[in-house]
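One file, target-v3.tsv, carrying TSV, C-alpha atoms (C1' of nucleotides):
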chain	number	residue	atom	x	y	z
A	1	MET	CA	-2.90	2.28	-2.82
A	2	VAL	CA	-6.24	3.89	-1.94
A	3	GLU	CA	-4.96	6.98	-3.83
A	4	LYS	CA	-3.47	10.32	-2.88
A	5	ARG	CA	-4.89	13.15	-4.92
A	6	ASN	CA	-5.22	16.43	-3.06
A	7	GLY	CA	-3.15	17.25	-0.05
A	8	SER	CA	-4.94	16.41	3.22
A	9	ASP	CA	-3.81	13.78	5.69
A	10	ASN	CA	-6.94	11.90	4.85
A	11	ASP	CA	-5.38	11.03	1.52
A	12	LEU	CA	-2.05	10.13	2.95
A	13	VAL	CA	-3.06	7.76	5.67
A	14	GLY	CA	-4.03	5.04	3.20
A	15	ALA	CA	-0.76	5.36	1.35
A	16	TRP	CA	1.31	5.25	4.53
A	17	THR	CA	-0.63	2.27	5.79
A	18	LYS	CA	0.40	0.37	2.69
A	19	ARG	CA	3.97	1.53	2.76
A	20	CYS	CA	4.40	0.75	6.43
A	21	TYR	CA	2.97	-2.72	5.99
A	22	PHE	CA	5.30	-3.47	3.12
A	23	ALA	CA	8.32	-2.02	4.87
A	24	GLY	CA	7.74	-4.26	7.88
A	25	ARG	CA	7.21	-7.23	5.68
A	26	ALA	CA	10.35	-6.48	3.67
A	27	VAL	CA	12.48	-6.35	6.82
A	28	MET	CA	11.00	-9.61	8.03
A	29	ASP	CA	11.57	-11.25	4.66
A	30	SER	CA	15.16	-10.07	4.47
A	31	VAL	CA	15.94	-11.49	7.92
A	32	LEU	CA	14.28	-14.79	7.04
A	33	ARG	CA	15.69	-15.10	3.52
A	34	PRO	CA	18.90	-16.89	4.63
A	35	TYR	CA	16.67	-19.54	6.21
A	36	ASP	CA	14.51	-19.85	3.12
A	37	LEU	CA	11.38	-18.90	5.00
A	38	GLY	CA	8.59	-16.46	4.18
A	39	SER	CA	6.93	-14.32	6.81
A	40	VAL	CA	3.77	-16.39	7.03
A	41	GLN	CA	5.76	-19.61	7.09
A	42	TRP	CA	7.55	-18.10	10.06
A	43	TYR	CA	4.27	-17.40	11.79
A	44	VAL	CA	3.08	-20.97	11.28
A	45	LEU	CA	6.29	-22.33	12.78
A	46	TYR	CA	5.98	-19.84	15.62
A	47	GLN	CA	2.48	-21.03	16.40
A	48	LEU	CA	3.33	-24.72	16.22
A	49	ALA	CA	6.55	-24.32	18.20
A	50	THR	CA	4.94	-22.16	20.87
A	51	ALA	CA	1.36	-23.37	21.21
A	52	GLY	CA	1.82	-26.94	20.02
A	53	PRO	CA	-0.14	-28.83	17.33
A	54	THR	CA	-2.96	-26.79	15.85
A	55	MET	CA	-5.87	-27.43	13.53
A	56	GLN	CA	-5.24	-26.06	10.05
A	57	ARG	CA	-8.52	-24.18	9.96
A	58	ASP	CA	-7.79	-22.57	13.36
A	59	LEU	CA	-4.47	-21.35	12.07
A	60	ALA	CA	-6.15	-19.81	9.04
A	61	ARG	CA	-8.50	-17.97	11.38
A	62	LEU	CA	-5.66	-16.80	13.60
A	63	LEU	CA	-3.89	-15.32	10.61
A	64	THR	CA	-7.18	-14.14	9.09
A	65	ILE	CA	-6.33	-15.61	5.73
A	66	GLU	CA	-8.43	-17.84	3.49
A	67	ARG	CA	-8.36	-21.62	3.69
A	68	ALA	CA	-7.04	-21.76	0.15
A	69	THR	CA	-4.11	-19.53	1.05
A	70	MET	CA	-3.35	-21.70	4.07
A	71	THR	CA	-3.31	-24.79	1.87
A	72	GLY	CA	-0.42	-23.35	-0.12
A	73	ILE	CA	1.60	-22.21	2.88
A	74	VAL	CA	1.21	-25.57	4.59
A	75	ALA	CA	2.05	-27.45	1.41
A	76	THR	CA	5.32	-25.54	1.19
A	77	LEU	CA	6.25	-26.28	4.78
A	78	VAL	CA	5.33	-29.94	4.39
A	79	ARG	CA	7.45	-30.15	1.25
A	80	LYS	CA	10.37	-28.69	3.18
A	81	GLY	CA	9.81	-31.25	5.95
A	82	MET	CA	9.18	-28.64	8.64
A	83	VAL	CA	5.58	-29.52	9.36
A	84	GLU	CA	3.45	-32.66	9.44
A	85	GLN	CA	-0.18	-32.73	8.41
A	86	GLU	CA	-2.34	-35.44	9.93
A	87	PRO	CA	-6.08	-36.04	9.48
A	88	ASP	CA	-8.00	-35.65	12.71
A	89	GLY	CA	-9.20	-38.93	14.24
A	90	VAL	CA	-12.70	-37.68	14.98
A	91	ASP	CA	-13.50	-35.22	12.21
A	92	HIS	CA	-11.96	-36.58	9.03
A	93	ARG	CA	-12.30	-33.26	7.20
A	94	GLN	CA	-9.91	-31.46	9.50
A	95	LYS	CA	-6.14	-31.76	9.58
A	96	LEU	CA	-3.87	-31.30	12.53
A	97	LEU	CA	-0.56	-29.53	11.95
A	98	ARG	CA	2.49	-30.49	13.97
A	99	ILE	CA	6.05	-29.24	13.82
A	100	THR	CA	8.62	-31.92	12.90
A	101	ALA	CA	12.03	-32.47	14.47
A	102	THR	CA	13.58	-30.73	11.46
A	103	GLY	CA	11.19	-27.84	11.91
A	104	ALA	CA	11.91	-27.57	15.61
A	105	LYS	CA	15.62	-27.54	14.92
A	106	LEU	CA	15.25	-24.73	12.40
A	107	TRP	CA	13.01	-22.83	14.78
A	108	GLY	CA	15.73	-23.00	17.40
A	109	GLU	CA	18.22	-21.43	15.00
A	110	LEU	CA	16.02	-18.53	13.93
A	111	PRO	CA	16.85	-15.08	15.26
A	112	ASP	CA	14.39	-13.22	17.47
A	113	LEU	CA	12.28	-10.97	15.27
A	114	SER	CA	10.92	-8.72	17.99
A	115	PHE	CA	13.64	-6.16	17.24
A	116	ILE	CA	11.65	-5.23	14.14
A	117	ARG	CA	8.81	-3.94	16.26
A	118	SER	CA	11.25	-2.12	18.52
A	119	VAL	CA	12.90	-0.39	15.60
A	120	ALA	CA	9.59	0.58	14.06
A	121	PHE	CA	7.70	1.85	17.07
A	122	GLY	CA	10.22	2.14	19.90
A	123	GLY	CA	10.37	5.52	21.58
A	124	ILE	CA	7.13	6.76	20.06
A	125	ASP	CA	4.69	8.21	22.59
A	126	ASP	CA	2.33	5.50	23.84
A	127	ALA	CA	-0.62	7.84	23.52
A	128	ASP	CA	0.21	8.44	19.86
A	129	ILE	CA	0.45	4.74	19.20
A	130	ALA	CA	-2.90	4.27	20.87
A	131	VAL	CA	-4.42	6.92	18.63
A	132	ALA	CA	-2.92	5.28	15.55
A	133	VAL	CA	-4.32	1.92	16.59
A	134	ARG	CA	-7.74	3.44	17.13
A	135	VAL	CA	-7.75	5.12	13.73
A	136	LEU	CA	-6.63	1.97	11.94
A	137	GLN	CA	-9.05	-0.18	13.85
A	138	THR	CA	-11.99	2.11	13.12
A	139	ALA	CA	-11.16	2.28	9.44
A	140	THR	CA	-10.71	-1.47	9.24
A	141	GLU	CA	-14.03	-2.18	10.92
A	142	ARG	CA	-15.86	0.18	8.60
A	143	LEU	CA	-14.23	-1.29	5.53
A	144	GLU	CA	-14.85	-4.89	6.57
A	145	ASN	CA	-18.41	-3.95	7.33
A	146	LEU	CA	-18.83	-2.32	3.93
A	147	LEU	CA	-17.41	-5.38	2.26
A	148	GLN	CA	-19.84	-7.73	3.96
A	149	LYS	CA	-22.80	-5.62	2.92
A	150	GLY	CA	-21.54	-5.49	-0.65
A	151	THR	CA	-21.07	-9.24	-0.69
A	152	ALA	CA	-24.48	-9.94	0.79
A	153	SER	CA	-26.32	-7.88	-1.85
B	1	MET	CA	2.17	-9.75	10.29
B	2	VAL	CA	4.89	-8.27	12.49
B	3	GLU	CA	3.47	-10.36	15.38
B	4	LYS	CA	1.26	-9.75	18.40
B	5	ARG	CA	2.49	-11.51	21.51
B	6	ASN	CA	1.98	-9.64	24.76
B	7	GLY	CA	-0.72	-7.07	25.21
B	8	SER	CA	0.50	-3.51	24.58
B	9	ASP	CA	-0.62	-1.30	21.70
B	10	ASN	CA	2.88	-1.56	20.41
B	11	ASP	CA	2.11	-5.13	19.40
B	12	LEU	CA	-1.23	-4.31	17.90
B	13	VAL	CA	-0.28	-1.48	15.64
B	14	GLY	CA	1.56	-3.77	13.21
B	15	ALA	CA	-1.35	-6.16	13.07
B	16	TRP	CA	-3.89	-3.39	12.47
B	17	THR	CA	-1.71	-1.84	9.82
B	18	LYS	CA	-1.82	-5.08	7.90
B	19	ARG	CA	-5.51	-5.65	8.43
B	20	CYS	CA	-6.41	-2.11	7.44
B	21	TYR	CA	-4.35	-2.32	4.30
B	22	PHE	CA	-6.00	-5.56	3.25
B	23	ALA	CA	-9.49	-4.35	4.09
B	24	GLY	CA	-9.05	-1.29	1.88
B	25	ARG	CA	-7.61	-3.37	-0.89
B	26	ALA	CA	-10.44	-5.90	-0.62
B	27	VAL	CA	-13.06	-3.18	-0.98
B	28	MET	CA	-11.25	-1.72	-3.97
B	29	ASP	CA	-10.92	-5.14	-5.56
B	30	SER	CA	-14.56	-5.97	-5.04
B	31	VAL	CA	-15.65	-2.73	-6.69
B	32	LEU	CA	-13.29	-3.30	-9.62
B	33	ARG	CA	-13.97	-7.00	-10.07
B	34	PRO	CA	-16.93	-6.49	-12.43
B	35	TYR	CA	-14.57	-4.53	-14.69
B	36	ASP	CA	-11.87	-7.18	-14.49
B	37	LEU	CA	-9.35	-4.76	-13.06
B	38	GLY	CA	-6.96	-5.08	-10.15
B	39	SER	CA	-6.21	-2.20	-7.81
B	40	VAL	CA	-2.83	-1.38	-9.30
B	41	GLN	CA	-4.17	-1.68	-12.82
B	42	TRP	CA	-6.73	0.90	-11.75
B	43	TYR	CA	-3.99	3.20	-10.55
B	44	VAL	CA	-2.11	2.94	-13.84
B	45	LEU	CA	-5.26	3.84	-15.77
B	46	TYR	CA	-5.91	6.67	-13.35
B	47	GLN	CA	-2.45	8.09	-13.93
B	48	LEU	CA	-2.60	7.76	-17.72
B	49	ALA	CA	-6.13	9.13	-17.95
B	50	THR	CA	-5.42	12.02	-15.61
B	51	ALA	CA	-1.83	13.02	-16.16
B	52	GLY	CA	-1.41	11.79	-19.73
B	53	PRO	CA	1.31	9.52	-21.16
B	54	THR	CA	3.93	8.56	-18.62
B	55	MET	CA	7.28	6.82	-18.67
B	56	GLN	CA	7.07	3.28	-17.33
B	57	ARG	CA	9.94	3.79	-14.91
B	58	ASP	CA	8.31	6.99	-13.54
B	59	LEU	CA	5.11	5.09	-12.89
B	60	ALA	CA	7.04	2.41	-11.00
B	61	ARG	CA	8.56	5.14	-8.85
B	62	LEU	CA	5.21	6.80	-8.25
B	63	LEU	CA	3.78	3.52	-7.01
B	64	THR	CA	7.03	2.61	-5.23
B	65	ILE	CA	7.09	-0.84	-6.75
B	66	GLU	CA	9.92	-2.61	-8.52
B	67	ARG	CA	10.47	-2.40	-12.26
B	68	ALA	CA	9.88	-6.14	-12.53
B	69	THR	CA	6.49	-5.82	-10.86
B	70	MET	CA	5.56	-2.98	-13.19
B	71	THR	CA	6.44	-5.13	-16.19
B	72	GLY	CA	3.76	-7.63	-15.22
B	73	ILE	CA	1.06	-5.04	-14.53
B	74	VAL	CA	1.71	-3.27	-17.81
B	75	ALA	CA	1.80	-6.55	-19.72
B	76	THR	CA	-1.66	-7.38	-18.39
B	77	LEU	CA	-3.08	-4.01	-19.40
B	78	VAL	CA	-1.48	-4.23	-22.83
B	79	ARG	CA	-2.92	-7.71	-23.29
B	80	LYS	CA	-6.35	-6.33	-22.44
B	81	GLY	CA	-5.84	-3.53	-24.95
B	82	MET	CA	-6.19	-0.76	-22.35
B	83	VAL	CA	-2.68	0.62	-22.61
B	84	GLU	CA	-0.05	1.10	-25.33
B	85	GLN	CA	3.65	0.78	-24.73
B	86	GLU	CA	5.95	2.69	-27.09
B	87	PRO	CA	9.75	2.94	-27.00
B	88	ASP	CA	10.97	6.46	-26.37
B	89	GLY	CA	12.45	8.20	-29.40
B	90	VAL	CA	15.46	9.55	-27.57
B	91	ASP	CA	16.31	6.96	-24.94
B	92	HIS	CA	15.63	3.58	-26.48
B	93	ARG	CA	15.67	1.81	-23.13
B	94	GLN	CA	12.63	3.62	-21.82
B	95	LYS	CA	9.02	3.02	-22.77
B	96	LEU	CA	6.22	5.51	-22.80
B	97	LEU	CA	2.81	4.33	-21.63
B	98	ARG	CA	-0.34	5.74	-23.16
B	99	ILE	CA	-4.00	4.91	-22.57
B	100	THR	CA	-5.82	3.53	-25.64
B	101	ALA	CA	-9.30	4.45	-26.83
B	102	THR	CA	-10.57	1.20	-25.29
B	103	GLY	CA	-8.84	2.09	-22.05
B	104	ALA	CA	-10.28	5.59	-22.02
B	105	LYS	CA	-13.75	4.20	-22.63
B	106	LEU	CA	-13.41	1.80	-19.71
B	107	TRP	CA	-12.03	4.55	-17.52
B	108	GLY	CA	-15.12	6.64	-18.27
B	109	GLU	CA	-17.35	3.81	-17.07
B	110	LEU	CA	-15.54	3.16	-13.81
B	111	PRO	CA	-17.19	4.32	-10.60
B	112	ASP	CA	-15.52	6.95	-8.44
B	113	LEU	CA	-13.49	5.18	-5.78
B	114	SER	CA	-13.06	8.11	-3.42
B	115	PHE	CA	-16.01	6.89	-1.37
B	116	ILE	CA	-13.72	4.19	0.00
B	117	ARG	CA	-11.56	6.78	1.69
B	118	SER	CA	-14.62	8.60	2.97
B	119	VAL	CA	-16.05	5.45	4.48
B	120	ALA	CA	-12.75	4.50	6.07
B	121	PHE	CA	-11.65	7.80	7.53
B	122	GLY	CA	-14.64	10.13	7.27
B	123	GLY	CA	-15.67	11.79	10.50
B	124	ILE	CA	-12.49	10.90	12.33
B	125	ASP	CA	-10.82	13.82	14.09
B	126	ASP	CA	-8.26	15.45	11.79
B	127	ALA	CA	-5.76	15.66	14.61
B	128	ASP	CA	-6.05	11.92	15.20
B	129	ILE	CA	-5.51	11.20	11.53
B	130	ALA	CA	-2.46	13.43	11.58
B	131	VAL	CA	-1.07	11.50	14.55
B	132	ALA	CA	-1.69	8.20	12.79
B	133	VAL	CA	0.07	9.44	9.68
B	134	ARG	CA	3.02	10.58	11.74
B	135	VAL	CA	3.32	7.25	13.53
B	136	LEU	CA	3.09	5.26	10.32
B	137	GLN	CA	5.49	7.55	8.53
B	138	THR	CA	8.06	7.37	11.30
B	139	ALA	CA	7.86	3.61	11.48
B	140	THR	CA	8.12	3.30	7.71
B	141	GLU	CA	11.17	5.52	7.51
B	142	ARG	CA	12.92	3.59	10.25
B	143	LEU	CA	12.14	0.27	8.64
B	144	GLU	CA	13.19	1.38	5.17
B	145	ASN	CA	16.34	2.76	6.66
B	146	LEU	CA	17.06	-0.49	8.47
B	147	LEU	CA	16.51	-2.40	5.29
B	148	GLN	CA	18.99	-0.31	3.33
B	149	LYS	CA	21.66	-0.78	5.96
B	150	GLY	CA	21.04	-4.50	6.01
B	151	THR	CA	21.28	-4.66	2.23
B	152	ALA	CA	24.43	-2.55	2.12
B	153	SER	CA	26.32	-4.82	4.52
C	1	DA	C1'	-33.65	-42.10	8.23
C	2	DC	C1'	-32.65	-39.20	4.91
C	3	DA	C1'	-32.34	-34.92	2.34
C	4	DT	C1'	-30.20	-30.64	2.92
C	5	DA	C1'	-26.91	-27.50	5.13
C	6	DT	C1'	-22.40	-26.42	6.39
C	7	DT	C1'	-17.59	-27.07	7.00
C	8	DT	C1'	-12.85	-28.43	5.55
C	9	DG	C1'	-9.25	-28.73	2.53
C	10	DC	C1'	-8.06	-28.94	-2.29
C	11	DT	C1'	-7.40	-27.31	-7.19
C	12	DA	C1'	-7.33	-23.88	-10.71
C	13	DG	C1'	-6.51	-19.44	-11.98
C	14	DG	C1'	-5.64	-14.43	-11.05
C	15	DT	C1'	-3.31	-10.14	-8.76
C	16	DA	C1'	0.45	-8.02	-6.67
C	17	DG	C1'	4.62	-7.99	-4.53
C	18	DC	C1'	9.85	-9.57	-4.37
C	19	DT	C1'	15.00	-11.00	-5.96
C	20	DA	C1'	18.44	-12.32	-9.30
C	21	DG	C1'	20.29	-12.05	-13.47
C	22	DC	C1'	20.26	-10.85	-18.61
C	23	DG	C1'	20.82	-7.80	-22.74
C	24	DA	C1'	20.48	-3.50	-24.92
C	25	DG	C1'	21.21	1.20	-24.62
C	26	DA	C1'	23.14	5.45	-22.28
C	27	DT	C1'	26.60	7.73	-19.53
C	28	DT	C1'	30.95	8.65	-17.64
C	29	DG	C1'	36.07	8.53	-16.77
C	30	DG	C1'	40.56	7.97	-18.36
D	1	DC	C1'	37.47	6.72	-28.10
D	2	DC	C1'	36.89	2.89	-25.52
D	3	DA	C1'	36.05	0.48	-21.16
D	4	DA	C1'	33.54	0.35	-17.22
D	5	DT	C1'	29.33	1.40	-15.10
D	6	DC	C1'	24.65	2.50	-14.70
D	7	DT	C1'	19.78	2.24	-16.15
D	8	DC	C1'	15.62	0.19	-18.14
D	9	DG	C1'	12.71	-3.42	-19.15
D	10	DC	C1'	12.41	-8.34	-19.44
D	11	DT	C1'	12.38	-13.30	-17.82
D	12	DA	C1'	12.30	-16.80	-14.39
D	13	DG	C1'	10.97	-18.21	-10.13
D	14	DC	C1'	9.40	-17.31	-5.50
D	15	DT	C1'	5.76	-15.70	-1.51
D	16	DA	C1'	1.38	-14.49	-0.20
D	17	DC	C1'	-2.98	-12.93	-0.89
D	18	DC	C1'	-7.78	-13.67	-3.33
D	19	DT	C1'	-12.30	-16.06	-5.59
D	20	DA	C1'	-14.85	-19.97	-7.44
D	21	DG	C1'	-16.02	-24.34	-7.45
D	22	DC	C1'	-15.32	-29.38	-6.05
D	23	DA	C1'	-15.52	-33.66	-3.08
D	24	DA	C1'	-15.76	-35.62	1.21
D	25	DA	C1'	-17.26	-35.51	5.88
D	26	DT	C1'	-20.13	-33.77	9.41
D	27	DA	C1'	-24.26	-31.52	11.31
D	28	DT	C1'	-29.12	-30.42	11.18
D	29	DG	C1'	-34.11	-30.50	10.52
D	30	DT	C1'	-38.17	-32.79	9.55

Take the structure from the file and write it as structure tokens.
Amino acid sequence: MVEKRNGSDNDLVGAWTKRCYFAGRAVMDSVLRPYDLGSVQWYVLYQLATAGPTMQRDLARLLTIERATMTGIVATLVRKGMVEQEPDGVDHRQKLLRITATGAKLWGELPDLSFIRSVAFGGIDDADIAVAVRVLQTATERLENLLQKGTAS
Amino acid sequence: MVEKRNGSDNDLVGAWTKRCYFAGRAVMDSVLRPYDLGSVQWYVLYQLATAGPTMQRDLARLLTIERATMTGIVATLVRKGMVEQEPDGVDHRQKLLRITATGAKLWGELPDLSFIRSVAFGGIDDADIAVAVRVLQTATERLENLLQKGTAS
DNA sequence: ACATATTTGCTAGGTAGCTAGCGAGATTGG
DNA sequence: CCAATCTCGCTAGCTACCTAGCAAATATGT
């Protein structure tokens, strides 16, 4: 969203940011659909398969999503038998997430998703990509900053 | 999402695209929350207040969302009494959307949201913005293209 | 030691996106 | 003129994001 009234690039960049995000997500979803996995579920499996058991709250921070959102994602994966959730021995509030044998098996069958990135950005001038990253990063920082101030008031 | 494994900008651009999109959306949502409006609901009001009555299917195309998604958004606004939905006289499948008096009143009270864009992108070099738009646009087109091919098969 | 944070995960409820499939209406080809 | 096809909006059911508020556990300050 973030509009698109008059004609300058300033108006368009917000719209393209949204569209690009959704396009990437749609491709990811369509590849994962046959496996009955969403994109964030994929990321959780990726993390647990690659980096080993992880605290639920750390995973939420990695993905920069809210704890409540994480609860739902994890619940789905637990229901499907892909992930185990075990209370931490020391701190009983926290829960440790671990991939199950079923989950590991599925992970092994999943196709490599890195081609998505290649398709999207392959062949584009590195300098241009760097500029794009800088613009997005700057905008994001300003917006997140604005949000915090608004929340604090 | 769209990952972030090794260290090149190529990996980061997807992540920042997502984060930037959500940051902008979060600011918009936080401004609109007191009025009990979501960001897309705002856009529908904007369109109807600015451009006059609009066909539902045209609005879905403008926002590049699915008809089914539009159904939900419109239903919410109708429930709140902000928007009227009237079958077209000629083509009985289509529905014309019109802002109500209540909706127009609310629209008059809403703050101007263009400051969000100013905060996010103000002061950034126009050439850099143009580069960012080009990168995002290219990536989006490639991804949407890929998706169509995948769907066609 | 105990009252007061703070942190963690959960529930409840809302927004915004998607696909799949339905029925009613419009269009098009033979 | 009728059959096949397309279009539009709807429902049902899913993912993934959010806030607000709760209960339990931990951490902190006096």

Restrict the calculation to all atoms listed in the file, then for each residue of stretch 15-58 of chain B with any atom at most 12 Å from an atom of stretch 5-21 of chain D give the closest atom pair and their distance in Å to one decimal, rows by chain and rising residue number, as JSON lines.
{"residue": "B:Lys18", "atom": "CA", "partner": "D:DC17", "partner_atom": "C1'", "distance": 11.8}
{"residue": "B:Tyr21", "atom": "CA", "partner": "D:DC17", "partner_atom": "C1'", "distance": 11.9}
{"residue": "B:Phe22", "atom": "CA", "partner": "D:DC17", "partner_atom": "C1'", "distance": 9.0}
{"residue": "B:Ala23", "atom": "CA", "partner": "D:DC17", "partner_atom": "C1'", "distance": 11.9}
{"residue": "B:Arg25", "atom": "CA", "partner": "D:DC18", "partner_atom": "C1'", "distance": 10.6}
{"residue": "B:Ala26", "atom": "CA", "partner": "D:DC18", "partner_atom": "C1'", "distance": 8.6}
{"residue": "B:Val27", "atom": "CA", "partner": "D:DC18", "partner_atom": "C1'", "distance": 12.0}
{"residue": "B:Asp29", "atom": "CA", "partner": "D:DC18", "partner_atom": "C1'", "distance": 9.4}
{"residue": "B:Ser30", "atom": "CA", "partner": "D:DT19", "partner_atom": "C1'", "distance": 10.4}
{"residue": "B:Arg33", "atom": "CA", "partner": "D:DT19", "partner_atom": "C1'", "distance": 10.2}
{"residue": "B:Gly38", "atom": "CA", "partner": "D:DC18", "partner_atom": "C1'", "distance": 11.0}
{"residue": "B:Met55", "atom": "CA", "partner": "D:DC8", "partner_atom": "C1'", "distance": 10.7}
{"residue": "B:Gln56", "atom": "CA", "partner": "D:DG9", "partner_atom": "C1'", "distance": 8.9}
{"residue": "B:Arg57", "atom": "CA", "partner": "D:DC8", "partner_atom": "C1'", "distance": 7.5}
{"residue": "B:Asp58", "atom": "CA", "partner": "D:DC8", "partner_atom": "C1'", "distance": 11.0}

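The smallest atom-to-atom distance between chain C and any of A:Ala49, A:Leu59, A:Met70, A:Leu12, using all atoms listed in the file, is found for A:Met70.
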
Hey, could you pull the box centre and edge lengths for stretch 130-133 of chain B, axis-aligned, 6 Å padding per side, all listed atoms, to one decimal in Å, as JSON?
{"center_x": -1.2, "center_y": 10.8, "center_z": 12.1, "size_x": 14.5, "size_y": 17.2, "size_z": 16.9}

Q) If we count all atoms listed in the file, which residues of chain B reach to within 12 Å of chain C? Please list them as number ranges by chain. A) B: 25-26, 29, 33, 36-42, 63-73, 76, 87-88, 90-94

Q: Go through A:Leu113, A:Thr102, A:Leu45, A:Leu96 and flag the residue nearest A:Leu32, using all atoms listed in the file for the distances.
A: A:Leu113

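You will find atom CA of A:Pro111 at 11.9 Å from atom CA of A:Tyr46.
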
Using only C-alpha atoms, I'd like a table of the residues in chain A that come within 8 Å of chain B; for each, show the closest atom pair and its distance in Å rounded to one decimal, ordered by chain and ascending number, as CSV.
residue,atom,partner,partner_atom,distance
A:Met1,CA,B:Val40,CA,7.4
A:Val2,CA,B:Gly24,CA,7.0
A:Glu3,CA,B:Tyr43,CA,7.8
A:Asp9,CA,B:Ala130,CA,6.1
A:Asn10,CA,B:Phe121,CA,6.8
A:Asp11,CA,B:Arg117,CA,7.5
A:Leu12,CA,B:Val133,CA,7.1
A:Val13,CA,B:Val133,CA,5.4
A:Gly14,CA,B:Tyr21,CA,7.4
A:Trp16,CA,B:Leu136,CA,6.1
A:Thr17,CA,B:Thr17,CA,5.9
A:Lys18,CA,B:Tyr21,CA,5.7
A:Arg19,CA,B:Thr140,CA,6.7
A:Cys20,CA,B:Thr140,CA,4.7
A:Tyr21,CA,B:Lys18,CA,5.7
A:Ala23,CA,B:Leu143,CA,5.8
A:Gly24,CA,B:Leu143,CA,6.4
A:Arg25,CA,B:Val2,CA,7.3
A:Ala26,CA,B:Leu147,CA,7.6
A:Val27,CA,B:Leu147,CA,5.8
A:Met28,CA,B:Val2,CA,7.7
A:Ser30,CA,B:Leu147,CA,7.8
A:Ser39,CA,B:Met1,CA,7.5
A:Val40,CA,B:Met1,CA,7.6
A:Tyr43,CA,B:Glu3,CA,7.9
A:Ile116,CA,B:Val2,CA,7.6
A:Arg117,CA,B:Val2,CA,7.0
A:Val119,CA,B:Arg142,CA,6.7
A:Ala120,CA,B:Ala139,CA,4.3
A:Phe121,CA,B:Ala139,CA,5.9
A:Ile124,CA,B:Val135,CA,7.6
A:Asp126,CA,B:Asp9,CA,7.7
A:Asp128,CA,B:Val131,CA,6.3
A:Ile129,CA,B:Asp9,CA,6.6
A:Ala130,CA,B:Asp9,CA,6.1
A:Val131,CA,B:Asp128,CA,6.3
A:Ala132,CA,B:Ala132,CA,4.2
A:Val133,CA,B:Val13,CA,5.4
A:Val135,CA,B:Ile129,CA,6.8
A:Leu136,CA,B:Trp16,CA,6.0
A:Gln137,CA,B:Trp16,CA,6.2
A:Thr138,CA,B:Ala120,CA,7.5
A:Ala139,CA,B:Ala120,CA,4.3
A:Thr140,CA,B:Cys20,CA,4.7
A:Arg142,CA,B:Ala120,CA,5.9
A:Leu143,CA,B:Ala23,CA,5.8
A:Glu144,CA,B:Ala23,CA,5.9
A:Leu146,CA,B:Val27,CA,7.6
A:Leu147,CA,B:Val27,CA,5.9

Q. How far is it from atom CA of A:Tyr35 to atom CA of B:Ala60, in Å with one decimal?
A.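 Straight-line distance from atom CA of A:Tyr35 to atom CA of B:Ala60 works out to 29.5 Å.
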
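Atom C1' of D:DC2 to atom CA of B:Gly89 spans 25.3 Å [interatomic distance, one decimal].
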
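Distance check against chain D using only C-alpha atoms (C1' of nucleotides): of B:Ala104, B:Ala51, B:Ile99, B:Gln85, the minimum falls on B:Gln85.
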
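Nearest to chain D of all the residues B:Arg61, B:Lys95, B:Gly52, B:Gln47 is B:Lys95, counting all atoms listed in the file.
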